[in-house]
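my_file21.txt, holding compact mmCIF, C-alpha atoms and all ligand atoms:
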```txt
# COMPACT_ATOMS: atom_id res chain seq x y z
CA MET A 1 0.00 0.00 0.00
CA LEU A 2 1.59 3.29 -1.08
CA SER A 3 0.34 6.65 0.14
CA VAL A 4 0.87 9.40 -2.40
CA GLY A 5 1.63 12.79 -0.89
CA GLU A 6 -0.70 13.90 1.87
CA SER A 7 -3.87 13.19 -0.06
CA ALA A 8 -6.15 10.23 0.59
CA HIS A 9 -5.12 8.39 -2.57
CA GLN A 10 -3.67 4.95 -2.21
CA VAL A 11 -2.28 2.50 -4.73
CA THR A 12 -2.23 -1.20 -3.94
CA ALA A 13 0.37 -3.29 -5.73
CA LYS A 14 2.14 -6.61 -5.28
CA ASN A 15 5.47 -5.06 -6.19
CA ILE A 16 6.95 -1.59 -6.57
CA VAL A 17 9.80 -0.66 -8.89
CA LEU A 18 11.60 2.52 -7.92
CA ALA A 19 13.04 3.80 -11.19
CA THR A 20 12.75 7.44 -10.20
CA ASN A 21 16.46 8.24 -9.76
CA ALA A 22 16.80 11.85 -8.50
CA TYR A 23 13.05 12.10 -7.78
CA THR A 24 13.11 9.16 -5.36
CA SER A 25 13.38 11.17 -2.13
CA LYS A 26 9.98 12.72 -2.86
CA LEU A 27 8.44 9.25 -2.59
CA GLY A 28 9.98 8.83 0.85
CA TYR A 29 12.63 6.31 -0.22
CA PHE A 30 16.41 6.85 -0.01
CA LYS A 31 15.71 10.37 1.22
CA ASN A 32 18.87 10.41 3.33
CA GLN A 33 21.02 8.82 0.68
CA VAL A 34 20.16 10.15 -2.80
CA VAL A 35 20.17 13.89 -3.42
CA PRO A 36 18.89 15.68 -6.55
CA ILE A 37 21.52 17.92 -8.11
CA HIS A 38 20.52 20.29 -10.89
CA VAL A 39 22.44 20.19 -14.16
CA GLN A 40 21.72 21.79 -17.54
CA THR A 41 22.01 21.10 -21.25
CA ALA A 42 21.46 23.21 -24.39
CA VAL A 43 20.98 22.59 -28.10
CA THR A 44 21.84 24.69 -31.16
CA PRO A 45 19.67 24.92 -34.26
CA PRO A 46 20.83 22.68 -37.15
CA LEU A 47 24.18 24.06 -38.29
CA THR A 48 24.66 25.18 -41.89
CA ALA A 49 27.03 23.35 -44.21
CA SER A 50 29.61 26.12 -43.92
CA GLN A 51 29.35 26.21 -40.12
CA LEU A 52 29.89 22.46 -40.01
CA GLU A 53 32.86 22.71 -42.31
CA SER A 54 34.40 25.44 -40.17
CA LEU A 55 34.55 23.06 -37.19
CA GLU A 56 37.21 20.97 -38.95
CA ARG A 57 35.98 17.85 -37.16
CA THR A 58 37.63 14.53 -37.75
CA SER A 59 34.91 12.53 -35.99
CA ASP A 60 31.27 12.60 -34.86
CA ILE A 61 32.08 10.83 -31.59
CA PRO A 62 30.59 12.60 -28.54
CA TYR A 63 33.16 13.77 -26.02
CA TYR A 64 33.57 15.32 -22.59
CA ASP A 65 36.42 17.08 -20.82
CA ASP A 66 38.20 16.16 -17.60
CA ARG A 67 36.91 18.91 -15.32
CA SER A 68 35.12 18.01 -12.09
CA VAL A 69 31.92 19.66 -13.33
CA LEU A 70 32.61 18.56 -16.86
CA TYR A 71 31.27 19.74 -20.20
CA HIS A 72 29.98 17.12 -22.63
CA LEU A 73 29.22 17.59 -26.29
CA VAL A 74 27.30 15.59 -28.89
CA PHE A 75 26.73 16.09 -32.64
CA THR A 76 23.20 15.00 -33.53
CA PRO A 77 22.19 13.31 -36.81
CA ASP A 78 20.29 16.49 -37.78
CA GLN A 79 23.50 18.55 -37.51
CA ARG A 80 22.90 20.19 -34.15
CA ILE A 81 25.29 20.41 -31.24
CA VAL A 82 24.05 19.42 -27.79
CA ILE A 83 26.28 20.73 -25.04
CA GLY A 84 25.84 20.31 -21.29
CA GLY A 85 27.71 20.85 -18.10
CA GLY A 86 29.72 23.55 -16.37
CA SER A 87 27.33 23.82 -13.44
CA ALA A 88 25.93 21.59 -10.69
CA GLU A 89 23.68 23.02 -7.98
CA TYR A 90 21.72 21.77 -5.02
CA CYS A 91 18.39 23.40 -4.15
CA TRP A 92 17.21 23.58 -0.53
CA ARG A 93 15.28 20.52 0.76
CA ASN A 94 15.91 18.43 -2.34
CA ASP A 95 13.81 20.86 -4.37
CA LEU A 96 13.17 19.57 -7.89
CA GLU A 97 12.29 23.07 -9.09
CA TYR A 98 15.48 24.77 -10.24
CA CYS A 99 16.47 27.56 -7.84
CA GLY A 100 19.28 28.97 -10.00
CA ASP A 101 19.48 31.22 -13.04
CA LEU A 102 19.00 29.19 -16.24
CA SER A 103 19.92 32.08 -18.56
CA LYS A 104 23.24 32.50 -16.71
CA ILE A 105 24.07 28.81 -17.18
CA SER A 106 22.97 29.03 -20.81
CA THR A 107 25.48 31.85 -21.36
CA LEU A 108 28.15 29.80 -19.59
CA MET A 109 27.57 26.88 -21.97
CA LEU A 110 27.40 29.13 -25.05
CA ASN A 111 30.72 30.72 -24.10
CA GLU A 112 32.25 27.28 -23.71
CA LEU A 113 30.91 26.20 -27.10
CA LYS A 114 32.42 29.30 -28.71
CA ARG A 115 35.69 28.75 -26.88
CA ILE A 116 35.89 25.24 -28.35
CA TYR A 117 34.67 26.32 -31.79
CA PRO A 118 35.43 30.05 -32.30
CA SER A 119 33.92 29.85 -35.79
CA LEU A 120 30.47 29.49 -34.15
CA ALA A 121 30.65 33.04 -32.77
CA ASP A 122 27.21 33.90 -34.21
CA VAL A 123 25.39 30.78 -33.04
CA GLN A 124 22.69 31.01 -30.35
CA PHE A 125 20.98 28.12 -28.56
CA GLU A 126 17.55 27.00 -29.66
CA ASP A 127 16.77 25.66 -26.19
CA THR A 128 18.34 25.25 -22.76
CA TRP A 129 16.91 23.03 -20.04
CA ASP A 130 17.49 22.00 -16.45
CA GLY A 131 17.16 18.53 -14.96
CA VAL A 132 18.12 16.58 -11.87
CA ILE A 133 20.65 13.80 -11.40
CA GLY A 134 20.65 11.49 -8.36
CA ILE A 135 23.88 11.89 -6.37
CA THR A 136 25.27 9.84 -3.49
CA MET A 137 28.11 10.62 -1.08
CA ASP A 138 30.32 7.85 -2.49
CA GLY A 139 29.32 8.31 -6.14
CA MET A 140 27.88 4.76 -6.26
CA PRO A 141 24.58 3.78 -7.86
CA THR A 142 22.56 0.92 -6.46
CA VAL A 143 20.26 -1.87 -7.61
CA GLY A 144 18.38 -4.48 -5.63
CA VAL A 145 15.25 -5.37 -3.74
CA MET A 146 14.21 -4.36 -0.23
CA GLY A 147 11.28 -4.17 2.17
CA ASP A 148 9.75 -6.55 4.70
CA HIS A 149 8.11 -8.47 1.86
CA LYS A 150 11.10 -8.15 -0.49
CA ASN A 151 8.90 -6.55 -3.11
CA ILE A 152 10.35 -3.04 -3.48
CA TYR A 153 12.76 -3.20 -6.40
CA TYR A 154 15.08 -0.29 -7.08
CA GLY A 155 17.67 0.86 -9.59
CA LEU A 156 18.87 4.42 -9.07
CA ALA A 157 21.49 6.98 -7.93
CA TYR A 158 23.39 6.97 -11.20
CA ASN A 159 25.43 10.04 -10.26
CA GLY A 160 24.98 11.50 -13.75
CA GLN A 161 25.90 8.29 -15.63
CA GLY A 162 22.51 6.64 -15.98
CA VAL A 163 21.82 6.72 -19.71
CA THR A 164 23.33 3.28 -20.23
CA LEU A 165 23.45 1.99 -16.66
CA SER A 166 19.71 2.42 -16.09
CA PHE A 167 19.05 -0.07 -18.91
CA VAL A 168 21.39 -2.60 -17.30
CA PHE A 169 19.75 -2.09 -13.93
CA GLY A 170 16.37 -2.64 -15.57
CA GLN A 171 17.59 -6.06 -16.62
CA VAL A 172 18.92 -6.76 -13.13
CA ILE A 173 15.52 -5.86 -11.64
CA ALA A 174 13.77 -8.11 -14.17
CA ALA A 175 16.09 -10.96 -13.17
CA LEU A 176 15.47 -10.37 -9.46
CA ALA A 177 11.71 -10.23 -9.96
CA ASN A 178 11.80 -13.55 -11.80
CA ASP A 179 14.13 -15.26 -9.31
CA LYS A 180 16.89 -15.43 -11.88
CA ASN A 181 20.56 -14.69 -11.53
CA HIS A 182 22.30 -11.77 -13.25
CA ALA A 183 26.03 -11.13 -13.58
CA TRP A 184 25.65 -7.64 -12.11
CA LEU A 185 24.27 -9.11 -8.88
CA ASP A 186 27.90 -10.07 -8.14
CA THR A 187 29.16 -6.49 -8.45
CA PRO A 188 29.47 -3.85 -5.68
CA TYR A 189 26.42 -2.09 -7.18
CA ALA A 190 24.00 -4.78 -5.99
CA HIS A 191 22.36 -4.28 -2.60
CA ASN A 192 25.10 -1.88 -1.51
CA THR A 193 24.43 0.40 1.45
CA LEU A 194 24.48 4.02 0.32
CA PRO A 195 26.15 6.41 2.77
CA PHE A 196 23.94 8.57 4.99
CA MET A 197 23.52 12.26 4.18
CA PRO A 198 22.40 14.55 7.00
CA GLY A 199 19.26 16.69 6.62
CA GLU A 200 18.98 20.46 6.36
CA PRO A 201 20.71 22.78 6.92
CA TYR A 202 23.77 20.51 6.90
CA ARG A 203 22.85 18.99 3.55
CA TRP A 204 22.59 22.38 1.86
CA ILE A 205 25.84 23.57 3.44
CA GLY A 206 27.66 20.35 2.46
CA ALA A 207 26.28 20.19 -1.08
CA THR A 208 26.87 23.88 -1.74
CA ALA A 209 30.42 23.67 -0.36
CA MET A 210 31.12 20.59 -2.48
CA THR A 211 29.77 22.04 -5.75
CA GLY A 212 31.52 25.37 -4.96
CA TYR A 213 34.81 23.53 -4.37
CA TYR A 214 34.50 21.69 -7.68
CA ALA A 215 33.76 24.97 -9.50
CA TRP A 216 36.82 26.60 -7.87
CA GLN A 217 38.99 23.61 -8.78
CA ASP A 218 37.82 23.82 -12.41
CA ARG A 219 38.53 27.56 -12.59
CA LYS A 220 42.10 26.87 -11.45
C1 LIG B 1 20.74 17.77 -18.15
C2 LIG B 1 21.17 16.33 -17.92
C3 LIG B 1 22.20 15.79 -18.66
C4 LIG B 1 22.59 14.46 -18.46
N1 LIG B 1 23.59 13.93 -19.21
C5 LIG B 1 23.92 12.63 -19.07
C6 LIG B 1 24.91 12.03 -19.90
O1 LIG B 1 25.50 12.68 -20.76
N2 LIG B 1 25.19 10.71 -19.70
C7 LIG B 1 24.57 9.96 -18.75
O2 LIG B 1 24.85 8.76 -18.62
N3 LIG B 1 23.62 10.50 -17.96
C8 LIG B 1 23.29 11.81 -18.09
N4 LIG B 1 22.33 12.36 -17.29
C9 LIG B 1 21.73 11.53 -16.25
C10 LIG B 1 20.69 10.62 -16.85
O3 LIG B 1 19.72 11.41 -17.49
C11 LIG B 1 20.05 9.81 -15.70
O4 LIG B 1 21.06 9.12 -15.01
C12 LIG B 1 19.06 8.81 -16.28
O5 LIG B 1 18.06 9.50 -16.99
C13 LIG B 1 18.42 8.02 -15.18
O6 LIG B 1 17.40 7.22 -15.78
P1 LIG B 1 16.15 6.76 -14.94
O7 LIG B 1 15.21 6.10 -15.89
O8 LIG B 1 16.61 5.98 -13.75
O9 LIG B 1 15.51 8.11 -14.34
P2 LIG B 1 14.88 9.34 -15.11
O10 LIG B 1 15.30 9.40 -16.54
O11 LIG B 1 15.17 10.54 -14.23
O12 LIG B 1 13.35 8.99 -15.08
C14 LIG B 1 12.63 9.01 -13.89
C15 LIG B 1 11.17 9.12 -14.26
O13 LIG B 1 10.38 8.97 -13.08
C16 LIG B 1 9.29 9.87 -13.20
N5 LIG B 1 8.75 10.09 -11.87
C17 LIG B 1 9.28 10.82 -10.85
N6 LIG B 1 8.48 10.78 -9.77
C18 LIG B 1 7.43 9.99 -10.09
C19 LIG B 1 6.27 9.55 -9.38
N7 LIG B 1 6.02 9.93 -8.12
N8 LIG B 1 5.40 8.75 -10.01
C20 LIG B 1 5.64 8.36 -11.30
N9 LIG B 1 6.72 8.74 -12.02
C21 LIG B 1 7.59 9.54 -11.41
C22 LIG B 1 9.90 11.11 -13.82
O14 LIG B 1 8.90 11.90 -14.41
C23 LIG B 1 10.83 10.48 -14.85
O15 LIG B 1 10.18 10.29 -16.08
C24 LIG B 1 21.93 13.68 -17.47
C25 LIG B 1 20.87 14.23 -16.74
C26 LIG B 1 20.50 15.55 -16.95
C27 LIG B 1 19.37 16.12 -16.13
```

What does this structure look like when you write it as structure tokens?
Amino acid sequence: MLSVGESAHQVTAKNIVLATNAYTSKLGYFKNQVVPIHVQTAVTPPLTASQLESLERTSDIPYYDDRSVLYHLVFTPDQRIVIGGGSAEYCWRNDLEYCGDLSKISTLMLNELKRIYPSLADVQFEDTWDGVIGITMDGMPTVGVMGDHKNIYYGLAYNGQGVTLSFVFGQVIAALANDKNHAWLDTPYAHNTLPFMPGEPYRWIGATAMTGYYAWQDRK
């Protein structure tokens, strides 16, 4: 039986699968272990043939840099550039609504794009968006099953690396639910105990100090 929010609604289910990554704390699970951190991404309009040529690319392979709060960049099949990174922020009480300044981060990313490719000096973004990634103190994700009735399956806390890993964890959950083995059940990701994170105001102070330290390190 799962109570949703403070309303009277209830959902009855034999099993629950928590595949809600950074949103999970709002359901009452992992609320002292998995924290939502806000990160942003932007996309250019399709580039013209001459803009593309000016990049002098030798490959379409996506790449990222080695900063702590790294930038990552992808060329899409319809000739756009998707760039993300450069900022990571925590919002008070695990808030999923972004508390920062999206236009400021957009400018940050645009400047980085133009630093990498000076020939794109006239390009503007078509869109910039914010989202949340699920972060843990030790950077570890987790997959497994818990609860008194062993019927709450979970795969989450990807620490910003979940695009591929979430698919693998989906398979692990399917194996667990069907009483089958899976190679990843023998890895440190399975049924690991995520470190405790204190509540507010310590969480905000810690997260802000940590993201501030990474930003300072990257500026150096
Ligand atoms: C801007 C940005 C850039 C990123 N870049 C990369 C990258 O380059 N590489 C990489 O590997 N990862 C990246 N990530 C992280 C990656 O997106 C996540 O790790 C991945 O999406 C996690 O997948 P998931 O299915 O577990 O969770 P999500 O994709 O977060 O999906 C969770 C779903 O649960 C839903 N939900 C939440 N609460 C409830 C509820 N109460 N009831 C029902 N549904 C609910 C949400 O609406 C959402 O659809 C990025 C994330 C962001 C925000």

Within 9 Å of ligand LIG 1 (chain B), which residues show up when you count all atoms listed in the file? List them as a PyMOL selection string, please. chain A and resi 4-5+18-24+26-27+37-42+64+72-74+84-85+129-134+155-167+169-170

Point-to-point distance in Å for atom CA of Ala88 of chain A and atom CA of Val43 of chain A: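 Atom CA of Ala88 of chain A lies at a distance of 18.1 Å from atom CA of Val43 of chain A.
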
Would you place a box with edges along x, y and z of the file around all atoms of segment 64-71 of chain A listed there, add 8 Å to each of its six sides, and report the centre and edge lengths in Å to one decimal, as lines of an AutoDock Vina configuration file?
```
center_x = 34.7
center_y = 17.5
center_z = -17.3
size_x = 22.9
size_y = 20.4
size_z = 26.5
```

Rank A:Gln217, A:Thr76, A:Met146, A:Val17 by their smallest atom-to-atom distance to Ile173 of chain A, using all atoms listed in the file, and report the top residue only.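 Closest to Ile173 of chain A of all the choices is A:Val17.
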
Tell me which protein, DNA and RNA residues are within 9 Å of Thr208 of chain A, counting all atoms listed in the file, leaving out same-chain ones fewer than 6 positions away, and put them as an NGL selection string. :A and (89-91)

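If all atoms listed in the file are the atoms counted, then among A:Gly206, A:Gly199, A:Pro36, A:Gly139 the closest residue to Glu97 of chain A is A:Pro36.
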
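Taking atom CA of Ile205 of chain A and atom CA of Phe30 of chain A as the two end points, the separation is 19.5 Å.
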
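By all atoms listed in the file, and with residues fewer than 5 positions from Asn15 of chain A along its chain excluded, the set lying at most 10 Å from it is Met1, His149, Lys150, Asn151, Ile152, Tyr153 and Ala177 of chain A.
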
What's the separation between atom CA of Ser119 of chain A and atom CA of Tyr71 of chain A, in Å to one decimal place?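 That distance, rounded to one decimal, is 18.8 Å.
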
Which residues come within 12 Å of Ser50 of chain A, counting only C-alpha atoms, excluding same-chain residues fewer than 5 positions away, as a list in words? Leu55, Glu56, Gln79, Ser119 and Leu120 of chain A

Could you write out that same residue set with C-alpha atoms as a PDB file, in the coordinates of the input?
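As a result, selection-v7.pdb now contains:
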```pdb
ATOM      1  CA  LEU A  55      34.550  23.060 -37.190  1.00  0.00           C
ATOM      2  CA  GLU A  56      37.210  20.970 -38.950  1.00  0.00           C
ATOM      3  CA  GLN A  79      23.500  18.550 -37.510  1.00  0.00           C
ATOM      4  CA  SER A 119      33.920  29.850 -35.790  1.00  0.00           C
ATOM      5  CA  LEU A 120      30.470  29.490 -34.150  1.00  0.00           C
TER       6      LEU A 120
END
```

Between A:Leu96, A:Leu110, A:Val123, A:Ile116, single out the one closest to Asp65 of chain A, counting only C-alpha atoms. A:Ile116

Using all atoms listed in the file, which protein or nucleic acid residues come within 8 Å of Thr136 of chain A? Drop anything in the same chain fewer than 3 positions from it, and give the result as a CSV table (one decimal) with C-alpha atoms, in the frame of the given file.
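Okay, result.csv is ready:
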```csv
chain,number,residue,atom,x,y,z
A,33,GLN,CA,21.0,8.8,0.7
A,34,VAL,CA,20.2,10.2,-2.8
A,35,VAL,CA,20.2,13.9,-3.4
A,139,GLY,CA,29.3,8.3,-6.1
A,140,MET,CA,27.9,4.8,-6.3
A,141,PRO,CA,24.6,3.8,-7.9
A,157,ALA,CA,21.5,7.0,-7.9
A,159,ASN,CA,25.4,10.0,-10.3
A,194,LEU,CA,24.5,4.0,0.3
A,195,PRO,CA,26.2,6.4,2.8
```
